[in-house]
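Trainee: Dropping in run.cif, with mmCIF, C-alpha atoms.
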data_model
loop_
_atom_site.label_atom_id
_atom_site.label_comp_id
_atom_site.auth_asym_id
_atom_site.auth_seq_id
_atom_site.Cartn_x
_atom_site.Cartn_y
_atom_site.Cartn_z
CA MET I 19 33.04 7.14 -74.47
CA THR I 20 33.01 10.38 -72.54
CA SER I 21 31.28 10.93 -69.22
CA GLU I 22 28.74 13.33 -70.84
CA ALA I 23 27.93 10.79 -73.56
CA THR I 24 27.38 8.10 -70.92
CA LYS I 25 24.97 10.32 -68.96
CA SER I 26 23.10 11.24 -72.17
CA ALA I 27 22.66 7.61 -73.19
CA LEU I 28 21.45 6.76 -69.69
CA GLN I 29 18.95 9.63 -69.68
CA ASP I 30 17.68 8.78 -73.21
CA ASN I 31 17.13 5.17 -72.15
CA ILE I 32 15.11 6.19 -69.08
CA GLU I 33 13.04 8.79 -70.97
CA SER I 34 12.19 6.44 -73.85
CA LYS I 35 11.36 3.31 -71.80
CA GLY I 36 10.16 4.85 -68.51
CA LYS I 37 9.79 2.32 -65.66
CA ASN I 38 10.77 -0.48 -68.01
CA ALA I 39 14.16 1.07 -68.57
CA TYR I 40 17.15 -0.96 -67.43
CA TYR I 41 18.53 2.13 -65.74
CA PHE I 42 15.24 3.23 -64.08
CA ALA I 43 16.74 2.92 -60.61
CA HIS I 44 19.09 5.76 -61.47
CA ALA I 45 16.18 8.08 -62.23
CA HIS I 46 15.57 8.86 -58.49
CA LYS I 47 17.59 11.86 -57.48
CA ALA I 48 18.41 13.09 -54.00
CA ASN I 49 16.28 16.05 -52.99
CA GLY I 50 18.63 17.30 -50.30
CA PRO I 51 20.98 20.25 -50.73
CA LYS I 52 24.22 19.78 -52.59
CA TRP I 53 27.21 18.89 -50.38
CA ASP I 54 29.46 21.88 -49.95
CA GLY I 55 32.54 19.72 -49.44
CA ARG I 56 32.92 20.65 -45.74
CA PRO I 57 33.08 17.90 -43.07
CA GLN I 58 31.18 20.00 -40.49
CA PRO I 59 27.45 19.33 -39.97
CA ARG I 60 25.15 21.83 -41.69
CA LEU I 61 21.52 22.76 -41.15
CA LEU I 62 19.32 21.06 -43.73
CA VAL I 63 15.84 22.31 -42.76
CA LYS I 64 14.78 25.07 -40.40
CA HIS I 65 11.33 25.00 -38.79
CA SER I 66 9.57 28.05 -37.45
CA ASP I 67 8.64 28.22 -33.74
CA SER I 68 5.01 27.46 -34.64
CA GLN I 69 6.09 24.16 -36.20
CA VAL I 70 7.98 23.02 -33.15
CA SER I 71 5.95 20.84 -30.80
CA SER I 72 4.91 22.57 -27.60
CA SER I 73 6.14 19.52 -25.69
CA SER I 74 9.75 20.12 -26.76
CA LEU I 75 11.92 20.98 -23.75
CA SER I 76 15.51 21.93 -23.20
CA ALA I 77 17.80 19.48 -21.43
CA SER I 78 17.38 21.30 -18.12
CA GLU I 79 13.59 21.55 -18.54
CA THR I 80 13.42 17.88 -19.41
CA GLY I 81 15.40 17.02 -16.29
CA GLU I 82 13.15 19.16 -14.11
CA ALA I 83 10.05 17.56 -15.63
CA ALA I 84 11.47 14.08 -15.04
CA GLU I 85 12.23 14.94 -11.40
CA ALA I 86 8.69 16.27 -10.93
CA VAL I 87 7.21 13.06 -12.36
CA ALA I 88 9.50 10.94 -10.17
CA ALA I 89 8.55 12.95 -7.07
CA ALA I 90 4.86 12.59 -7.85
CA SER I 91 5.31 8.86 -8.42
CA GLY I 92 7.20 8.58 -5.13
CA GLU I 93 4.47 10.39 -3.22
CA SER I 94 1.86 8.17 -4.87
CA LEU I 95 3.82 5.05 -3.91
CA ILE I 96 4.26 6.19 -0.30
CA LYS I 97 0.54 7.00 -0.07
CA SER I 98 -0.29 3.59 -1.52
CA LEU I 99 1.96 1.84 0.99
CA LYS I 100 0.41 3.74 3.87
CA GLU I 101 -3.09 2.89 2.71
CA SER I 102 -2.23 -0.79 2.31
CA LYS I 103 -0.29 -1.08 5.55
CA SER I 104 -3.16 -2.94 7.19
CA SER I 105 -6.12 -4.78 5.77
CA PHE I 106 -8.38 -3.35 8.47
CA ASP I 107 -9.03 0.02 10.07
CA PHE I 108 -7.91 0.85 13.58
CA SER I 109 -10.26 2.76 15.82
CA LYS I 110 -9.30 4.60 18.96
CA SER I 111 -9.75 2.23 21.87
CA ASN I 112 -12.61 3.06 24.22
CA ILE I 113 -12.20 -0.11 26.26
CA THR I 114 -10.10 1.32 29.06
CA LYS I 115 -9.28 -1.70 31.22
CA TYR I 116 -8.25 -5.29 30.75
CA ALA I 117 -6.15 -7.98 32.45
CA PHE I 118 -3.72 -10.32 30.72
CA ILE I 119 -1.63 -13.39 31.42
CA ASP I 120 1.40 -14.74 29.56
CA GLU I 121 1.06 -18.51 29.21
CA GLY I 122 4.26 -19.11 27.27
CA LYS I 123 3.11 -19.92 23.75
CA LYS I 124 0.08 -17.65 24.00
CA VAL I 125 -1.18 -14.55 25.75
CA LYS I 126 -4.73 -14.12 27.07
CA LEU I 127 -6.53 -10.82 27.60
CA TYR I 128 -9.56 -10.66 29.91
CA ILE I 129 -12.02 -7.83 29.26
CA ASP I 130 -14.77 -7.48 31.86
CA MET I 131 -18.07 -6.34 30.37
CA LYS I 132 -21.15 -6.99 32.52
CA GLY I 133 -23.82 -8.97 30.66
CA VAL I 134 -21.94 -9.02 27.36
CA GLY I 135 -22.74 -12.69 26.84
CA ASP I 136 -26.47 -11.96 27.03
CA VAL I 137 -26.60 -9.08 24.55
CA CYS I 138 -23.74 -9.95 22.18
CA ASN I 139 -24.41 -13.54 21.26
CA SER I 140 -24.10 -13.57 17.46
CA GLU I 141 -21.14 -13.48 15.07
CA GLU I 142 -22.14 -9.98 13.93
CA ASP I 143 -21.74 -8.62 17.46
CA ILE I 144 -18.04 -9.49 17.86
CA LYS I 145 -15.51 -8.65 15.17
CA LEU I 146 -11.81 -9.42 15.50
CA ASP I 147 -9.30 -8.36 12.84
CA TRP I 148 -5.63 -9.12 13.26
CA SER I 149 -2.28 -9.21 11.52
CA GLU I 150 0.97 -10.71 12.78
CA ARG I 151 1.78 -7.52 14.72
CA SER I 152 -1.62 -5.91 15.48
CA PHE I 153 -5.27 -6.51 16.25
CA SER I 154 -8.58 -4.68 16.52
CA LEU I 155 -11.45 -6.06 18.59
CA LYS I 156 -14.87 -4.45 18.13
CA ILE I 157 -18.03 -5.21 20.09
CA TYR I 158 -21.31 -4.11 18.55
CA ASN I 159 -24.74 -3.68 20.14
CA TYR I 160 -23.42 -3.85 23.70
CA SER I 161 -25.38 -1.86 26.27
CA VAL I 162 -26.07 -2.15 30.00
CA MET I 163 -28.39 -0.20 32.23
CA ASP I 164 -26.60 2.25 34.51
CA GLY I 165 -28.94 1.24 37.32
CA ASP I 166 -27.78 -2.35 37.16
CA ASP I 167 -24.24 -1.34 38.01
CA LYS I 168 -25.29 0.99 40.81
CA GLU I 169 -27.50 -1.61 42.48
CA SER I 170 -24.87 -4.32 42.22
CA GLY I 171 -22.06 -2.02 43.28
CA ASN I 172 -20.10 -3.11 40.20
CA ASP I 173 -17.90 -0.40 38.69
CA ASN I 174 -17.97 -1.41 35.04
CA ASP I 175 -15.55 0.96 33.27
CA ASN I 176 -16.07 -0.84 29.96
CA LYS I 177 -19.82 -0.28 29.92
CA ASN I 178 -21.60 1.34 27.00
CA SER I 179 -25.01 2.72 27.89
CA ASN I 180 -25.85 4.03 24.39
CA GLY I 181 -25.36 0.81 22.44
CA GLY I 182 -22.41 2.10 20.37
CA VAL I 183 -19.29 0.23 19.31
CA LYS I 184 -16.73 -0.76 21.92
CA CYS I 185 -13.17 -1.19 20.69
CA LEU I 186 -9.77 -2.40 21.87
CA SER I 187 -7.00 -1.92 19.32
CA PHE I 188 -3.22 -2.28 19.26
CA GLY I 189 -1.37 -1.01 16.21
CA ARG I 190 1.94 -2.50 17.36
CA LEU I 191 2.06 -5.56 19.59
CA HIS I 192 5.01 -6.50 21.79
CA GLY I 193 5.79 -9.43 19.50
CA PHE I 194 4.55 -11.29 16.46
CA ILE I 195 1.48 -13.53 16.54
CA SER I 196 0.35 -16.39 14.32
CA LYS I 197 -3.29 -16.48 15.36
CA ALA I 198 -5.92 -14.62 17.38
CA ALA I 199 -9.38 -15.57 18.63
CA ALA I 200 -12.09 -14.09 20.86
CA ARG I 201 -14.50 -15.97 23.12
CA VAL I 202 -17.53 -14.43 24.79
CA LYS I 203 -18.50 -15.37 28.33
CA LYS I 204 -21.41 -14.08 30.42
CA ASP I 205 -19.59 -11.05 31.86
CA ARG I 206 -16.31 -10.96 29.95
CA ILE I 207 -14.53 -11.44 26.65
CA ILE I 208 -11.40 -13.56 26.51
CA LEU I 209 -9.00 -12.70 23.70
CA THR I 210 -6.24 -15.22 22.97
CA LEU I 211 -3.10 -14.36 21.00
CA TRP I 212 -0.84 -17.19 19.85
CA LYS I 213 2.79 -16.12 19.68
CA LYS I 214 4.73 -16.66 16.50
CA VAL I 215 7.66 -18.85 17.52
CA GLU I 216 10.54 -19.94 15.30
CA GLU I 217 11.19 -23.65 15.19
CA GLY I 218 13.68 -24.78 17.83
CA LYS I 219 13.33 -21.57 19.89
CA ASP I 220 11.47 -20.79 23.09
CA PRO I 221 8.62 -18.26 22.98
CA GLU I 222 9.50 -14.71 23.99
CA ASP I 223 8.08 -13.34 27.25
CA TRP I 224 5.54 -10.55 26.93
CA PRO I 225 5.82 -8.10 29.83
CA GLN I 226 3.07 -6.05 28.18
CA ILE I 227 0.74 -6.25 25.19
CA ALA I 228 1.89 -3.20 23.26
CA GLN I 229 5.37 -2.67 21.90
CA LYS I 230 7.55 -0.70 24.29
CA GLY I 231 6.78 2.97 24.00
CA GLU I 232 3.24 2.40 22.73
CA ASP I 233 0.03 3.03 24.65
CA ASP I 234 -0.78 -0.09 26.70
CA HIS I 235 -4.11 1.15 28.16
CA ASP I 236 -4.97 0.39 31.79
CA ILE I 237 -4.08 -3.02 33.16
CA VAL I 238 -6.09 -4.35 36.09
#
Would you write the structure of this file as structure tokens?
Mentor:
Amino acid sequence: MTSEATKSALQDNIESKGKNAYYFAHAHKANGPKWDGRPQPRLLVKHSDSQVSSSSLSASETGEAAEAVAAASGESLIKSLKESKSSFDFSKSNITKYAFIDEGKKVKLYIDMKGVGDVCNSEEDIKLDWSERSFSLKIYNYSVMDGDDKESGNDNDNKNSNGGVKCLSFGRLHGFISKAAARVKKDRIILTLWKKVEEGKDPEDWPQIAQKGEDDHDIV
């Protein structure tokens, strides 16, 4: 049987029996262009510029776009890290003087404020936020009469005659701490910082409250 006769018989079978033909699978023909016998790649379909997606970029444009996205992501990450650096906000200190003593495992700060125990006697009046390397102490609703200081001869540099917020903040302490607490007395606030000490080691001496090179305020 010749090749042409075979093809004819196959075609007759498909045309007469349709989908039920034994050779139906052979009825599907490739729609692509006929192979020209060359091994080199050839263009099959050409789209016009209007059919090409506007998001298509050249290799160099794609690289530049990727770099721009990476840079934006980096800036966003840096901003996020800066914003999450501390769980509380630092305010510029307006408490100008304090005294402190290093007691080995802890450090105590003494802040003289005439009559503070009388006017700031609730939990809402004293707010202390701290991390292992910083703290922010804020005193609300504290006010003293200027005349009281003049009559007593007491030079109270930490006074606040308008009832605003008094603040003592350190963004970078000399060392790490594991705990902080504030106690209010009649004419002063005592702030205690417990040093963070590794097991088997002696606590580090604190010659000052702030890390070296940072503002340490006025010590009395």
Trainee: Considering only C-alpha atoms, state which residue in the set I:Lys204, I:Thr210, I:Val125, I:Lys115 is at the smallest distance from Ile227 in chain I.
Mentor: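 Selected residue with least distance to Ile227 in chain I: I:Val125.
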Trainee: Name the closest residue to Asp205 in chain I among the candidates I:Lys132, I:Lys126, I:Arg151, I:Lys219; distances are taken between atoms, counting all atoms listed in the file.
Mentor: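 That would be I:Lys132, the residue with the smallest distance to Asp205 in chain I.
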Trainee: Please report the interatomic distance between CA of Ala200 in chain I and CA of Ile144 in chain I in Å with one decimal.
Mentor: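 Spanning CA of Ala200 in chain I to CA of Ile144 in chain I is a straight-line distance of 8.1 Å.
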Trainee: For each of I:Lys156, I:Lys184, I:Arg206, I:Lys197, take the minimum atom-to-atom distance to Met131 in chain I, counting only C-alpha atoms, then give the residue where this is smallest.
Mentor: I:Arg206
Trainee: Would you kindly translate the PyMOL selection byres ((chain I and resi 186-188) around 6) into the concrete residues it picks from this file, as a PyMOL selection string?
Mentor: chain I and resi 111+113+152-155+185+189-190
Trainee: Please dump the current selection as a compact mmCIF listing (two decimals), in the frame of the given file; keep C-alpha atoms.
Mentor:
# COMPACT_ATOMS: atom_id res chain seq x y z
CA SER I 111 -9.75 2.23 21.87
CA ILE I 113 -12.20 -0.11 26.26
CA SER I 152 -1.62 -5.91 15.48
CA PHE I 153 -5.27 -6.51 16.25
CA SER I 154 -8.58 -4.68 16.52
CA LEU I 155 -11.45 -6.06 18.59
CA CYS I 185 -13.17 -1.19 20.69
CA GLY I 189 -1.37 -1.01 16.21
CA ARG I 190 1.94 -2.50 17.36
Trainee: Given the file shown, determine the residues that the PyMOL selection byres ((chain I and resi 140) around 12) selects; report them as a JSON list (two decimals) with C-alpha atoms, in the frame of the given file.
Mentor:
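Saved to selection_34.json:
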[["chain", "number", "residue", "atom", "x", "y", "z"],
["I", 134, "VAL", "CA", -21.94, -9.02, 27.36],
["I", 135, "GLY", "CA", -22.74, -12.69, 26.84],
["I", 136, "ASP", "CA", -26.47, -11.96, 27.03],
["I", 137, "VAL", "CA", -26.60, -9.08, 24.55],
["I", 138, "CYS", "CA", -23.74, -9.95, 22.18],
["I", 139, "ASN", "CA", -24.41, -13.54, 21.26],
["I", 141, "GLU", "CA", -21.14, -13.48, 15.07],
["I", 142, "GLU", "CA", -22.14, -9.98, 13.93],
["I", 143, "ASP", "CA", -21.74, -8.62, 17.46],
["I", 144, "ILE", "CA", -18.04, -9.49, 17.86],
["I", 145, "LYS", "CA", -15.51, -8.65, 15.17],
["I", 157, "ILE", "CA", -18.03, -5.21, 20.09],
["I", 158, "TYR", "CA", -21.31, -4.11, 18.55],
["I", 159, "ASN", "CA", -24.74, -3.68, 20.14],
["I", 160, "TYR", "CA", -23.42, -3.85, 23.70],
["I", 201, "ARG", "CA", -14.50, -15.97, 23.12],
["I", 202, "VAL", "CA", -17.53, -14.43, 24.79]]
Trainee: Taking into account all atoms listed in the file, which residue in the set I:Val215, I:Ser161, I:Glu222, I:Glu150 is nearest to Leu191 in chain I?
Mentor: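 Ranking I:Val215, I:Ser161, I:Glu222, I:Glu150 by distance to Leu191 in chain I, first place goes to I:Glu150.
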Trainee: From the list I:Tyr116, I:Leu211, I:Tyr128, I:Gly193, which residue is nearest Asp147 in chain I when using all atoms listed in the file?
Mentor: I:Leu211
